[in-house]
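Engineer: This is coords17.cif (mmCIF, C-alpha atoms).
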```
data_model
loop_
_atom_site.group_PDB
_atom_site.id
_atom_site.type_symbol
_atom_site.label_atom_id
_atom_site.label_comp_id
_atom_site.auth_asym_id
_atom_site.auth_seq_id
_atom_site.Cartn_x
_atom_site.Cartn_y
_atom_site.Cartn_z
ATOM 1 C CA ALA A 1 -19.622 74.342 4.543
ATOM 2 C CA ASP A 2 -22.138 74.907 1.743
ATOM 3 C CA ALA A 3 -20.167 72.610 -0.554
ATOM 4 C CA LEU A 4 -20.083 69.925 2.140
ATOM 5 C CA LEU A 5 -23.791 70.281 2.776
ATOM 6 C CA ALA A 6 -24.521 69.878 -0.944
ATOM 7 C CA ARG A 7 -22.425 66.659 -1.008
ATOM 8 C CA ASP A 8 -23.689 65.356 2.330
ATOM 9 C CA PRO A 9 -27.016 66.739 3.567
ATOM 10 C CA ALA A 10 -26.543 64.677 6.753
ATOM 11 C CA ALA A 11 -23.253 66.412 7.662
ATOM 12 C CA SER A 12 -23.073 67.143 11.371
ATOM 13 C CA ALA A 13 -22.741 70.616 12.850
ATOM 14 C CA GLU A 14 -19.175 69.705 13.849
ATOM 15 C CA GLU A 15 -18.295 68.671 10.285
ATOM 16 C CA LEU A 16 -19.797 71.888 8.902
ATOM 17 C CA GLU A 17 -17.828 73.987 11.401
ATOM 18 C CA GLN A 18 -14.639 72.124 10.485
ATOM 19 C CA ALA A 19 -15.321 72.863 6.792
ATOM 20 C CA ARG A 20 -15.834 76.573 7.598
ATOM 21 C CA GLU A 21 -12.648 76.693 9.695
ATOM 22 C CA LYS A 22 -10.459 75.526 6.781
ATOM 23 C CA ALA A 23 -10.584 79.000 5.231
ATOM 24 C CA HIS A 24 -8.959 80.481 8.356
ATOM 25 C CA ARG A 25 -5.956 78.180 8.701
ATOM 26 C CA SER A 26 -3.583 80.619 7.039
ATOM 27 C CA PRO A 27 -3.611 84.417 7.140
ATOM 28 C CA TRP A 28 -3.550 84.701 3.361
ATOM 29 C CA LEU A 29 -5.692 82.376 1.254
ATOM 30 C CA LEU A 30 -5.808 82.675 -2.527
ATOM 31 C CA LEU A 31 -7.834 80.698 -5.034
ATOM 32 C CA ALA A 32 -5.970 79.805 -8.221
ATOM 33 C CA VAL A 33 -8.333 79.930 -11.188
ATOM 34 C CA CYS A 34 -7.611 79.001 -14.784
ATOM 35 C CA ARG A 35 -9.688 79.837 -17.852
ATOM 36 C CA VAL A 36 -9.450 76.442 -19.527
ATOM 37 C CA ARG A 37 -12.186 76.906 -22.118
ATOM 38 C CA GLY A 38 -12.871 79.761 -24.493
ATOM 39 C CA GLY A 39 -10.455 82.572 -25.155
ATOM 40 C CA ASP A 40 -7.672 82.145 -27.695
ATOM 41 C CA PRO A 41 -8.243 78.881 -29.604
ATOM 42 C CA GLU A 42 -4.502 78.727 -30.349
ATOM 43 C CA VAL A 43 -3.752 78.079 -26.650
ATOM 44 C CA PRO A 44 -4.927 74.582 -25.666
ATOM 45 C CA ALA A 45 -6.302 73.870 -22.200
ATOM 46 C CA HIS A 46 -3.265 71.848 -21.103
ATOM 47 C CA GLU A 47 -0.942 74.785 -21.846
ATOM 48 C CA ARG A 48 -3.150 77.103 -19.826
ATOM 49 C CA VAL A 49 -3.084 74.741 -16.837
ATOM 50 C CA LEU A 50 0.698 74.283 -17.123
ATOM 51 C CA SER A 51 1.183 78.066 -17.231
ATOM 52 C CA ALA A 52 -1.015 78.485 -14.160
ATOM 53 C CA GLY A 53 1.000 75.781 -12.395
ATOM 54 C CA ALA A 54 4.257 77.553 -13.221
ATOM 55 C CA ALA A 55 2.874 80.833 -11.869
ATOM 56 C CA ILE A 56 1.747 79.083 -8.677
ATOM 57 C CA GLN A 57 5.188 77.480 -8.237
ATOM 58 C CA ASN A 58 6.803 80.910 -8.594
ATOM 59 C CA MET A 59 4.510 82.215 -5.852
ATOM 60 C CA LEU A 60 5.546 79.335 -3.583
ATOM 61 C CA LEU A 61 9.226 80.018 -4.260
ATOM 62 C CA LEU A 62 8.733 83.720 -3.547
ATOM 63 C CA THR A 63 7.067 83.022 -0.218
ATOM 64 C CA ALA A 64 9.941 80.732 0.779
ATOM 65 C CA ALA A 65 12.440 83.433 -0.209
ATOM 66 C CA MET A 66 10.538 85.854 2.034
ATOM 67 C CA GLY A 67 10.760 83.429 4.960
ATOM 68 C CA LEU A 68 7.075 82.495 4.855
ATOM 69 C CA GLY A 69 5.422 79.137 4.680
ATOM 70 C CA SER A 70 3.102 78.183 1.881
ATOM 71 C CA GLY A 71 1.223 75.216 0.575
ATOM 72 C CA LEU A 72 -1.504 74.122 -1.755
ATOM 73 C CA THR A 73 -4.816 72.614 -0.746
ATOM 74 C CA SER A 74 -7.575 71.151 -2.829
ATOM 75 C CA GLY A 75 -10.609 69.003 -2.298
ATOM 76 C CA LYS A 76 -14.094 68.269 -3.463
ATOM 77 C CA ALA A 77 -15.258 71.821 -2.722
ATOM 78 C CA LEU A 78 -13.220 73.116 -5.683
ATOM 79 C CA VAL A 79 -15.771 71.717 -8.127
ATOM 80 C CA SER A 80 -18.836 72.629 -6.103
ATOM 81 C CA ASP A 81 -21.557 75.020 -7.234
ATOM 82 C CA ALA A 82 -21.227 76.766 -3.849
ATOM 83 C CA LEU A 83 -17.563 77.643 -4.450
ATOM 84 C CA ARG A 84 -18.175 78.597 -8.067
ATOM 85 C CA GLY A 85 -20.931 80.949 -6.942
ATOM 86 C CA LEU A 86 -18.945 82.392 -4.036
ATOM 87 C CA PHE A 87 -16.050 83.323 -6.318
ATOM 88 C CA ALA A 88 -18.287 84.207 -9.302
ATOM 89 C CA LEU A 89 -16.417 81.820 -11.595
ATOM 90 C CA HIS A 90 -17.417 81.967 -15.244
ATOM 91 C CA ALA A 91 -18.413 78.852 -17.160
ATOM 92 C CA ASP A 92 -15.005 78.773 -18.888
ATOM 93 C CA GLU A 93 -13.032 78.914 -15.596
ATOM 94 C CA ASP A 94 -11.984 76.166 -13.195
ATOM 95 C CA ALA A 95 -10.693 76.466 -9.641
ATOM 96 C CA LEU A 96 -7.321 74.689 -9.501
ATOM 97 C CA CYS A 97 -6.339 74.903 -5.846
ATOM 98 C CA PHE A 98 -6.075 77.141 -2.826
ATOM 99 C CA ILE A 99 -2.719 78.750 -2.086
ATOM 100 C CA ASN A 100 -2.123 79.159 1.658
ATOM 101 C CA ILE A 101 0.529 81.638 2.802
ATOM 102 C CA GLY A 102 1.627 82.604 6.299
ATOM 103 C CA HIS A 103 4.181 82.139 9.053
ATOM 104 C CA VAL A 104 4.981 78.559 10.039
ATOM 105 C CA ARG A 105 4.189 77.845 13.681
ATOM 106 C CA GLU A 106 5.312 74.241 13.608
ATOM 107 C CA ALA A 107 6.815 72.075 10.911
ATOM 108 C CA ARG A 108 4.681 69.339 9.425
ATOM 109 C CA LYS A 109 5.558 65.751 10.078
ATOM 110 C CA PRO A 110 7.321 64.188 7.084
ATOM 111 C CA ARG A 111 5.060 62.115 4.868
ATOM 112 C CA PRO A 112 6.130 59.000 3.006
ATOM 113 C CA ARG A 113 6.974 59.839 -0.587
ATOM 114 C CA PRO A 114 7.030 57.427 -3.510
ATOM 115 C CA PRO A 115 10.421 56.644 -5.037
ATOM 116 C CA VAL A 116 11.526 58.855 -7.927
ATOM 117 C CA ASP A 117 11.486 55.915 -10.346
ATOM 118 C CA ALA A 118 7.736 55.634 -9.809
ATOM 119 C CA TYR A 119 7.448 58.810 -11.926
ATOM 120 C CA PHE A 120 10.510 58.852 -14.185
ATOM 121 C CA SER A 121 12.150 56.410 -16.549
ATOM 122 C CA ARG A 122 14.872 56.521 -19.178
ATOM 123 C CA LEU A 123 13.962 56.260 -22.824
ATOM 124 C CA GLY A 124 14.573 52.735 -24.018
ATOM 125 C CA GLU A 125 14.763 51.094 -20.595
ATOM 126 C CA GLY A 126 12.193 48.382 -20.341
ATOM 127 C CA ALA A 127 10.964 49.064 -23.857
ATOM 128 C CA PRO A 128 10.154 46.052 -26.019
ATOM 129 C CA ALA A 129 12.879 45.013 -28.440
ATOM 130 C CA THR A 130 12.329 45.960 -32.055
ATOM 131 C CA GLY A 131 13.262 43.759 -35.011
#
```
Would it be possible to restate this file's structure as structure tokens?
Structural biologist:
Amino acid sequence: ADALLARDPAASAEELEQAREKAHRSPWLLLAVCRVRGGDPEVPAHERVLSAGAAIQNMLLLTAAMGLGSGLTSGKALVSDALRGLFALHADEDALCFINIGHVREARKPRPRPPVDAYFSRLGEGAPATG
């Protein structure tokens, strides 16, 4: 709610309550944080983020194996001063996402997904000819 208010001082009471309620949608809510700056100069930021992503994926797989539901949420609040202050994030840390874990009450409706070829290609296909 504080992050919303900082972005939109004219936010309605209903919008602020909806923002507050988001934290209570799952019984277990974790904030994934990555130290992307500072620390060991031999480990670049992109490797740190990839490692955090792999750890998060393992957590999601574990919850599925335990028969629980899980999902990731993000949003503008992740970069807000209010969230940074609430979680006492250091200047070299970034909030990546929230990890929501709990029992599934009802399955989500399927969402349209882009085709696989929108993300993957084969080396040499569609590449310009070389002389």
Engineer: Could you tell me which residues the PyMOL selection byres ((chain A and resi 37-40) around 12) returns for this structure, as a CSV table (one decimal) with C-alpha atoms, keeping the file's coordinate frame?
Structural biologist:
```
chain,number,residue,atom,x,y,z
A,33,VAL,CA,-8.3,79.9,-11.2
A,34,CYS,CA,-7.6,79.0,-14.8
A,35,ARG,CA,-9.7,79.8,-17.9
A,36,VAL,CA,-9.4,76.4,-19.5
A,41,PRO,CA,-8.2,78.9,-29.6
A,42,GLU,CA,-4.5,78.7,-30.3
A,43,VAL,CA,-3.8,78.1,-26.6
A,44,PRO,CA,-4.9,74.6,-25.7
A,45,ALA,CA,-6.3,73.9,-22.2
A,46,HIS,CA,-3.3,71.8,-21.1
A,47,GLU,CA,-0.9,74.8,-21.8
A,48,ARG,CA,-3.2,77.1,-19.8
A,49,VAL,CA,-3.1,74.7,-16.8
A,90,HIS,CA,-17.4,82.0,-15.2
A,91,ALA,CA,-18.4,78.9,-17.2
A,92,ASP,CA,-15.0,78.8,-18.9
A,93,GLU,CA,-13.0,78.9,-15.6
A,94,ASP,CA,-12.0,76.2,-13.2
```
Engineer: Pull out every residue that the PyMOL selection byres ((chain A and resi 97-101) around 8) matches in the shown coordinates and put them as an mmCIF file with C-alpha atoms, keeping the file's coordinate frame.
Structural biologist:
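Output (part24.cif):
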```cif
data_model
loop_
_atom_site.group_PDB
_atom_site.id
_atom_site.type_symbol
_atom_site.label_atom_id
_atom_site.label_comp_id
_atom_site.auth_asym_id
_atom_site.auth_seq_id
_atom_site.Cartn_x
_atom_site.Cartn_y
_atom_site.Cartn_z
ATOM 1 C CA SER A 26 -3.583 80.619 7.039
ATOM 2 C CA PRO A 27 -3.611 84.417 7.140
ATOM 3 C CA TRP A 28 -3.550 84.701 3.361
ATOM 4 C CA LEU A 29 -5.692 82.376 1.254
ATOM 5 C CA LEU A 30 -5.808 82.675 -2.527
ATOM 6 C CA LEU A 31 -7.834 80.698 -5.034
ATOM 7 C CA ALA A 32 -5.970 79.805 -8.221
ATOM 8 C CA VAL A 33 -8.333 79.930 -11.188
ATOM 9 C CA ILE A 56 1.747 79.083 -8.677
ATOM 10 C CA THR A 63 7.067 83.022 -0.218
ATOM 11 C CA LEU A 68 7.075 82.495 4.855
ATOM 12 C CA GLY A 69 5.422 79.137 4.680
ATOM 13 C CA SER A 70 3.102 78.183 1.881
ATOM 14 C CA GLY A 71 1.223 75.216 0.575
ATOM 15 C CA LEU A 72 -1.504 74.122 -1.755
ATOM 16 C CA THR A 73 -4.816 72.614 -0.746
ATOM 17 C CA SER A 74 -7.575 71.151 -2.829
ATOM 18 C CA LEU A 78 -13.220 73.116 -5.683
ATOM 19 C CA ALA A 95 -10.693 76.466 -9.641
ATOM 20 C CA LEU A 96 -7.321 74.689 -9.501
ATOM 21 C CA GLY A 102 1.627 82.604 6.299
ATOM 22 C CA HIS A 103 4.181 82.139 9.053
#
```
Engineer: Tell me, in Å to one decimal, how far atom CA of Val79 of chain A is from atom CA of Leu5 of chain A.
Structural biologist: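 Separation between atom CA of Val79 of chain A and atom CA of Leu5 of chain A: 13.6 Å.
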Engineer: In Å, with one decimal, what is the gap from atom CA of Val104 of chain A to atom CA of Leu50 of chain A?
Structural biologist: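 Between these atoms lies a distance of 27.8 Å.
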Engineer: Just give me the gap between atom CA of Ala77 of chain A and atom CA of Ala54 of chain A in Å, one decimal is fine.
Structural biologist: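 We find that atom CA of Ala77 of chain A and atom CA of Ala54 of chain A lie 22.9 Å from each other.
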